[in-house]
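Here the structure comes first, spelled out in structure tokens, and everything after it is commentary.
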Amino acid sequence: MNKIVTINLFVLSVMIIAVTETAASEVKVHKNENSGLLTWTVKDDGFQIELLQLLPDFIRAIYAKHDFPEDEIERAASYCIFGTILKNTSDQQMSYRVADWRYQTSDGKQYPVKTKTQWLEEWRNAGVTFSWTLLPDEGEFSVGDWQQGFTTVQLPRNTEFDMIFKWQLDGVEHTGILENIKCAPESLPEK
Amino acid sequence: MKYIIFITLFISAFALKADWQQPELSHNLTVIKKVIPAMDFELQDMDEQKIKLSDYKGKVILLNFWATWCPPCIREMPSMERLHKQVDAEGFKVIAINQMEDADQVFAFTGQLEVDPTFEILFDTTSSVSRDYAVRGLPTTFLIDKEGRIRYRAVGGREFDHPEVIKIIEQLMAE
């Protein structure tokens with residue numbers, strides 16, 4: 001019995017040590033002077049994520065270029081989509097899984113971020129074979145590796161929310177929260 | 001037409017001018033600990049000639065997966081061209097495998113670049129080769145030795161003509 005308790009305590013302590021939650025240590029917000037669109041950059045423990053607002057018309061343009069059916073173009077454009085750049089800034093192995101990420105709306109509810117696999121399954125049913133542009137579901141980044149792609153959140157234009165993202169450095173899980181990010185507007189503001 | 005304008009605006013704003021948005025291109029290549037053979041393939045080039053990877057056995061190959069709409073792919077391309085010109089062509093080859101686009105799209109794209117690529121561009125129109133190489137995102141690049149084994153990998157854009165990358169390539173050529 002004592003052994004079981006000891007093992008359980010050991011497992012619990014390993015779990016506590018292995019999951020490190022950190023508030024985003026360095027957040028920069030940039031406003032593009034020409035377009036007015038916003039970009040958020042977070043630098044945290046060995047991990048950098050950058051989220052760029054993308055206009056629905058840009059999403060339409062990308063998927064029209066790849067001959068998507070009109071319904072699928074509009075469905076994709078109805079999402080709140082960010083151009084996303086992830087980078088391993090550590091000298092260790094970094095990994096992530098989009099399935100672990102959540103977005104939190106102003107009422108405190110959390111929702112899973114839609115994964116590339118989920119999109120591809122829906123697109124396959126619509127006869128689409130194009131598989132790029134979306135952020136890969138998972139990544140194993142060595143030193144200096146980085147990746148980019150779209151992150152999709154099912155929220156209306158201009159909605160503010162928090163993004164909760166997770167990553168692992170040499171097997172240790174980290175969590176970061178990017179607060180008050182905002183979906184892009186329907187179109188560029190009139191100048 | 002409206003969509004084309006948006007794509008052009010995106011590429012110019014996101015990729016070419018707004019460099020602050022993109023991480024600096026590093027020159028790190030990851031050593032593949034468990035060396036595996038590079039899978040052979042046959043793809044068409046710009047002139048619709050069929051090219052096999054095995055056609056270049058005995059050469060060190062920089063195998064790059066890319067697309068014209070991918071900003072870091074565009075950023076690293078000039079360094080691939082410089083590398084291609086700098087390293088001995090007898091023992092080294094740069095091959096850029098385009099994903100799911102056609103020769104017209106790539107031709108229109110390369111015409112806008114400051115330096116027209118002279119290295120090999122092949123077309124993986126169904127992304128079957130990228131699947132065989134387990135490429136999850138673009139750009140991804142592999143360095144293949146003279147025996148046809150994958151020795152290094154890079155996920156994301158790189159400065160391929162960095163002296164340290166050239167040193168690695170020359171070491172592989174000397175093996």
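Chains: A, B, ... in order of the structure tokens. Residues: from 1 per chain. Ligands: from 1, in order shown.
Excluding Leu122 of chain B and any residue on its chain fewer than 4 positions from it, the residues at most 7 Å away by only C-alpha atoms are Leu43, Gln44, Asp45, Met46, Ala96, Ile97 and Asn98 of chain B.
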Distance limit 9 Å, atoms considered: only C-alpha atoms. Which chain A residues sit that close to chain B? Return them as a PDB file with N, CA, C and O atoms, in the first residue's frame.
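Writing done, so here's selection12.pdb:
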```pdb
ATOM      1  N   THR A  39      -1.104  42.324 -35.938  1.00  0.00           N
ATOM      2  CA  THR A  39      -0.296  41.111 -35.763  1.00  0.00           C
ATOM      3  C   THR A  39       0.137  41.028 -34.305  1.00  0.00           C
ATOM      4  O   THR A  39       0.581  42.016 -33.733  1.00  0.00           O
ATOM      5  N   THR A  41       2.672  39.008 -31.666  1.00  0.00           N
ATOM      6  CA  THR A  41       3.831  38.128 -31.576  1.00  0.00           C
ATOM      7  C   THR A  41       4.111  37.835 -30.102  1.00  0.00           C
ATOM      8  O   THR A  41       4.203  38.758 -29.299  1.00  0.00           O
ATOM      9  N   GLU A  50       3.317  33.840 -33.900  1.00  0.00           N
ATOM     10  CA  GLU A  50       2.906  35.113 -34.470  1.00  0.00           C
ATOM     11  C   GLU A  50       1.564  34.893 -35.160  1.00  0.00           C
ATOM     12  O   GLU A  50       1.416  33.948 -35.948  1.00  0.00           O
ATOM     13  N   LEU A  52      -1.338  36.707 -37.499  1.00  0.00           N
ATOM     14  CA  LEU A  52      -1.614  37.844 -38.372  1.00  0.00           C
ATOM     15  C   LEU A  52      -3.079  37.805 -38.796  1.00  0.00           C
ATOM     16  O   LEU A  52      -3.539  36.792 -39.345  1.00  0.00           O
ATOM     17  N   ASP A  57     -11.470  38.313 -47.823  1.00  0.00           N
ATOM     18  CA  ASP A  57     -11.196  38.344 -49.269  1.00  0.00           C
ATOM     19  C   ASP A  57      -9.848  37.702 -49.611  1.00  0.00           C
ATOM     20  O   ASP A  57      -9.669  37.157 -50.690  1.00  0.00           O
ATOM     21  N   PHE A  58      -8.914  37.802 -48.689  1.00  0.00           N
ATOM     22  CA  PHE A  58      -7.630  37.135 -48.926  1.00  0.00           C
ATOM     23  C   PHE A  58      -7.815  35.621 -48.903  1.00  0.00           C
ATOM     24  O   PHE A  58      -7.270  34.897 -49.749  1.00  0.00           O
ATOM     25  N   ARG A  60     -10.576  34.048 -49.580  1.00  0.00           N
ATOM     26  CA  ARG A  60     -11.281  33.701 -50.826  1.00  0.00           C
ATOM     27  C   ARG A  60     -10.290  33.615 -51.987  1.00  0.00           C
ATOM     28  O   ARG A  60     -10.356  32.715 -52.825  1.00  0.00           O
ATOM     29  N   ALA A  61      -9.358  34.582 -52.015  1.00  0.00           N
ATOM     30  CA  ALA A  61      -8.382  34.622 -53.115  1.00  0.00           C
ATOM     31  C   ALA A  61      -7.506  33.374 -53.136  1.00  0.00           C
ATOM     32  O   ALA A  61      -7.278  32.764 -54.186  1.00  0.00           O
ATOM     33  N   ILE A  62      -7.038  32.998 -51.959  1.00  0.00           N
ATOM     34  CA  ILE A  62      -6.148  31.831 -51.863  1.00  0.00           C
ATOM     35  C   ILE A  62      -6.857  30.572 -52.366  1.00  0.00           C
ATOM     36  O   ILE A  62      -6.326  29.819 -53.184  1.00  0.00           O
ATOM     37  N   ALA A  64      -9.695  30.314 -54.102  1.00  0.00           N
ATOM     38  CA  ALA A  64     -10.154  30.404 -55.496  1.00  0.00           C
ATOM     39  C   ALA A  64      -9.001  30.061 -56.440  1.00  0.00           C
ATOM     40  O   ALA A  64      -9.187  29.387 -57.462  1.00  0.00           O
ATOM     41  N   LYS A  65      -7.804  30.504 -56.055  1.00  0.00           N
ATOM     42  CA  LYS A  65      -6.620  30.228 -56.877  1.00  0.00           C
ATOM     43  C   LYS A  65      -6.396  28.721 -57.006  1.00  0.00           C
ATOM     44  O   LYS A  65      -5.851  28.253 -58.015  1.00  0.00           O
ATOM     45  N   HIS A  66      -6.815  27.985 -55.974  1.00  0.00           N
ATOM     46  CA  HIS A  66      -6.619  26.540 -56.004  1.00  0.00           C
ATOM     47  C   HIS A  66      -7.893  25.788 -56.384  1.00  0.00           C
ATOM     48  O   HIS A  66      -8.058  24.616 -56.052  1.00  0.00           O
ATOM     49  N   ILE A  85       2.754  31.931 -37.599  1.00  0.00           N
ATOM     50  CA  ILE A  85       4.154  31.536 -37.739  1.00  0.00           C
ATOM     51  C   ILE A  85       4.624  30.993 -36.388  1.00  0.00           C
ATOM     52  O   ILE A  85       4.526  31.674 -35.373  1.00  0.00           O
ATOM     53  N   LYS A  87       7.868  29.223 -34.266  1.00  0.00           N
ATOM     54  CA  LYS A  87       9.313  29.033 -34.357  1.00  0.00           C
ATOM     55  C   LYS A  87       9.860  28.426 -33.070  1.00  0.00           C
ATOM     56  O   LYS A  87       9.438  28.783 -31.968  1.00  0.00           O
ATOM     57  N   THR A 129      -8.616  18.290 -53.203  1.00  0.00           N
ATOM     58  CA  THR A 129      -7.417  17.517 -52.846  1.00  0.00           C
ATOM     59  C   THR A 129      -6.286  18.408 -52.333  1.00  0.00           C
ATOM     60  O   THR A 129      -5.303  17.904 -51.801  1.00  0.00           O
ATOM     61  N   PHE A 130      -6.425  19.720 -52.498  1.00  0.00           N
ATOM     62  CA  PHE A 130      -5.368  20.639 -52.065  1.00  0.00           C
ATOM     63  C   PHE A 130      -5.198  20.545 -50.546  1.00  0.00           C
ATOM     64  O   PHE A 130      -6.177  20.634 -49.811  1.00  0.00           O
ATOM     65  N   SER A 131      -3.966  20.361 -50.091  1.00  0.00           N
ATOM     66  CA  SER A 131      -3.783  20.066 -48.672  1.00  0.00           C
ATOM     67  C   SER A 131      -2.853  21.039 -47.956  1.00  0.00           C
ATOM     68  O   SER A 131      -2.509  20.825 -46.797  1.00  0.00           O
ATOM     69  N   TRP A 132      -2.437  22.097 -48.639  1.00  0.00           N
ATOM     70  CA  TRP A 132      -1.489  23.005 -48.006  1.00  0.00           C
ATOM     71  C   TRP A 132      -2.229  24.212 -47.424  1.00  0.00           C
ATOM     72  O   TRP A 132      -3.434  24.195 -47.339  1.00  0.00           O
ATOM     73  N   THR A 133      -1.527  25.226 -47.065  1.00  0.00           N
ATOM     74  CA  THR A 133      -1.945  26.512 -46.464  1.00  0.00           C
ATOM     75  C   THR A 133      -2.267  26.435 -44.962  1.00  0.00           C
ATOM     76  O   THR A 133      -1.992  27.374 -44.244  1.00  0.00           O
ATOM     77  N   LEU A 134      -2.890  25.335 -44.486  1.00  0.00           N
ATOM     78  CA  LEU A 134      -3.242  25.276 -43.064  1.00  0.00           C
ATOM     79  C   LEU A 134      -2.037  24.869 -42.218  1.00  0.00           C
ATOM     80  O   LEU A 134      -1.183  24.103 -42.675  1.00  0.00           O
ATOM     81  N   LEU A 135      -1.994  25.387 -41.005  1.00  0.00           N
ATOM     82  CA  LEU A 135      -0.902  25.014 -40.102  1.00  0.00           C
ATOM     83  C   LEU A 135      -0.964  23.509 -39.839  1.00  0.00           C
ATOM     84  O   LEU A 135      -2.024  22.987 -39.480  1.00  0.00           O
ATOM     85  N   PRO A 136       0.150  22.793 -40.024  1.00  0.00           N
ATOM     86  CA  PRO A 136       0.118  21.351 -39.762  1.00  0.00           C
ATOM     87  C   PRO A 136      -0.361  21.041 -38.341  1.00  0.00           C
ATOM     88  O   PRO A 136      -0.069  21.787 -37.407  1.00  0.00           O
ATOM     89  N   ASP A 137      -1.081  19.933 -38.205  1.00  0.00           N
ATOM     90  CA  ASP A 137      -1.641  19.544 -36.902  1.00  0.00           C
ATOM     91  C   ASP A 137      -0.583  19.395 -35.831  1.00  0.00           C
ATOM     92  O   ASP A 137      -0.819  19.686 -34.667  1.00  0.00           O
ATOM     93  N   GLU A 138       0.552  18.876 -36.243  1.00  0.00           N
ATOM     94  CA  GLU A 138       1.632  18.620 -35.291  1.00  0.00           C
ATOM     95  C   GLU A 138       2.950  19.074 -35.886  1.00  0.00           C
ATOM     96  O   GLU A 138       3.094  19.107 -37.114  1.00  0.00           O
ATOM     97  N   GLY A 139       3.887  19.386 -35.030  1.00  0.00           N
ATOM     98  CA  GLY A 139       5.217  19.736 -35.518  1.00  0.00           C
ATOM     99  C   GLY A 139       6.281  19.255 -34.553  1.00  0.00           C
ATOM    100  O   GLY A 139       6.084  19.300 -33.335  1.00  0.00           O
ATOM    101  N   PHE A 141      10.012  20.293 -34.067  1.00  0.00           N
ATOM    102  CA  PHE A 141      10.957  21.298 -34.535  1.00  0.00           C
ATOM    103  C   PHE A 141      12.329  21.095 -33.892  1.00  0.00           C
ATOM    104  O   PHE A 141      12.450  21.109 -32.666  1.00  0.00           O
ATOM    105  N   SER A 142      13.327  20.982 -34.732  1.00  0.00           N
ATOM    106  CA  SER A 142      14.702  21.000 -34.230  1.00  0.00           C
ATOM    107  C   SER A 142      15.138  22.453 -34.086  1.00  0.00           C
ATOM    108  O   SER A 142      14.372  23.374 -34.391  1.00  0.00           O
ATOM    109  N   VAL A 143      16.365  22.641 -33.647  1.00  0.00           N
ATOM    110  CA  VAL A 143      16.892  23.997 -33.447  1.00  0.00           C
ATOM    111  C   VAL A 143      16.812  24.770 -34.770  1.00  0.00           C
ATOM    112  O   VAL A 143      17.246  24.284 -35.808  1.00  0.00           O
ATOM    113  N   GLY A 144      16.216  25.947 -34.726  1.00  0.00           N
ATOM    114  CA  GLY A 144      16.146  26.797 -35.917  1.00  0.00           C
ATOM    115  C   GLY A 144      14.954  26.521 -36.813  1.00  0.00           C
ATOM    116  O   GLY A 144      14.705  27.270 -37.751  1.00  0.00           O
ATOM    117  N   ASP A 145      14.205  25.464 -36.543  1.00  0.00           N
ATOM    118  CA  ASP A 145      13.053  25.147 -37.400  1.00  0.00           C
ATOM    119  C   ASP A 145      11.891  26.100 -37.133  1.00  0.00           C
ATOM    120  O   ASP A 145      11.689  26.559 -36.006  1.00  0.00           O
ATOM    121  N   TRP A 146      11.129  26.347 -38.143  1.00  0.00           N
ATOM    122  CA  TRP A 146       9.909  27.142 -38.003  1.00  0.00           C
ATOM    123  C   TRP A 146       8.928  26.740 -39.094  1.00  0.00           C
ATOM    124  O   TRP A 146       9.283  26.049 -40.035  1.00  0.00           O
ATOM    125  N   GLN A 147       7.702  27.182 -38.925  1.00  0.00           N
ATOM    126  CA  GLN A 147       6.663  26.739 -39.840  1.00  0.00           C
ATOM    127  C   GLN A 147       5.560  27.780 -39.864  1.00  0.00           C
ATOM    128  O   GLN A 147       5.408  28.530 -38.905  1.00  0.00           O
ATOM    129  N   GLN A 148       4.806  27.808 -40.927  1.00  0.00           N
ATOM    130  CA  GLN A 148       3.677  28.731 -40.943  1.00  0.00           C
ATOM    131  C   GLN A 148       2.482  28.131 -41.659  1.00  0.00           C
ATOM    132  O   GLN A 148       2.605  27.162 -42.400  1.00  0.00           O
ATOM    133  N   GLY A 149       1.339  28.699 -41.400  1.00  0.00           N
ATOM    134  CA  GLY A 149       0.106  28.224 -42.012  1.00  0.00           C
ATOM    135  C   GLY A 149      -1.069  28.925 -41.360  1.00  0.00           C
ATOM    136  O   GLY A 149      -0.888  29.721 -40.436  1.00  0.00           O
TER     137      GLY A 149
END
```
**Request:** Check the DSSP output for the backbone and give back, as JSON, numbers by chain, the residues of segment 3-143 of chain B in strand (DSSP E).
**Result:** {"B": [30, 31, 32, 33, 34, 35, 36, 37, 42, 43, 44, 45, 50, 51, 52, 60, 61, 62, 63, 64, 65, 66, 92, 93, 94, 95, 96, 97, 98, 99, 120, 121, 122, 123, 124, 140, 141, 142, 143]}
**Request:** Please identify all polymer residues within 8 Å of Leu83 of chain B, counting only C-alpha atoms, omitting same-chain residues fewer than 4 positions from it, and present them as a list in words.
**Result:** Ser79, Val87, Phe160, Asp161 and Ile166 of chain B
**Message:** DSSP on the backbone, helix (DSSP H, G or I) only: what residues of segment 20-133 of chain A does that give? Format it as a ChimeraX atom specification.
**Reply:** /A:56-65,70-77,98-100,116-125
At a cut-off of 12 Å, can you tabulate as a Markdown table every residue of segment 32-107 of chain A near segment 177-191 of chain A together with its closest atom pair and the distance in Å to one decimal, using only C-alpha atoms and ordering rows by chain then number?
```
| residue | atom | partner | partner_atom | distance |
| --- | --- | --- | --- | --- |
| A:Asn32 | CA | A:Leu188 | CA | 11.4 |
| A:Glu33 | CA | A:Lys191 | CA | 11.3 |
| A:Asn34 | CA | A:Leu188 | CA | 9.6 |
| A:Ser35 | CA | A:Leu188 | CA | 6.4 |
| A:Gly36 | CA | A:Leu188 | CA | 7.4 |
| A:Leu37 | CA | A:Ala184 | CA | 7.1 |
| A:Leu38 | CA | A:Ala184 | CA | 8.1 |
| A:Thr39 | CA | A:Ile181 | CA | 8.9 |
| A:Trp40 | CA | A:Ile181 | CA | 7.6 |
| A:Thr41 | CA | A:Leu178 | CA | 9.0 |
| A:Val42 | CA | A:Leu178 | CA | 7.5 |
| A:Lys43 | CA | A:Leu178 | CA | 10.6 |
| A:Asp44 | CA | A:Ile177 | CA | 10.2 |
| A:Gln48 | CA | A:Leu178 | CA | 11.6 |
| A:Ile49 | CA | A:Leu178 | CA | 9.7 |
| A:Glu50 | CA | A:Leu178 | CA | 10.2 |
| A:Leu51 | CA | A:Ile181 | CA | 8.9 |
| A:Leu52 | CA | A:Ala184 | CA | 9.0 |
| A:Gln53 | CA | A:Ala184 | CA | 5.2 |
| A:Leu54 | CA | A:Ala184 | CA | 6.0 |
| A:Leu55 | CA | A:Ala184 | CA | 5.8 |
| A:Pro56 | CA | A:Glu186 | CA | 6.2 |
| A:Asp57 | CA | A:Ser187 | CA | 7.5 |
| A:Phe58 | CA | A:Ser187 | CA | 9.8 |
| A:Ile59 | CA | A:Glu186 | CA | 11.3 |
| A:Arg60 | CA | A:Glu186 | CA | 11.8 |
| A:Ala77 | CA | A:Glu186 | CA | 9.6 |
| A:Ser78 | CA | A:Glu186 | CA | 9.4 |
| A:Tyr79 | CA | A:Cys183 | CA | 9.0 |
| A:Cys80 | CA | A:Cys183 | CA | 5.5 |
| A:Ile81 | CA | A:Cys183 | CA | 7.3 |
| A:Phe82 | CA | A:Cys183 | CA | 8.0 |
| A:Gly83 | CA | A:Ala184 | CA | 11.1 |
| A:Trp101 | CA | A:Ile177 | CA | 9.9 |
| A:Arg102 | CA | A:Ile177 | CA | 9.5 |
| A:Tyr103 | CA | A:Ile177 | CA | 9.3 |
| A:Gln104 | CA | A:Glu179 | CA | 9.1 |
| A:Thr105 | CA | A:Asn180 | CA | 9.4 |
| A:Ser106 | CA | A:Asn180 | CA | 9.1 |
```
**Asked** Which one of B:Lys33, B:Lys167, B:His84, B:Lys93 sits closest to Tyr56 of chain B if you count only C-alpha atoms?
**Response** B:Lys93
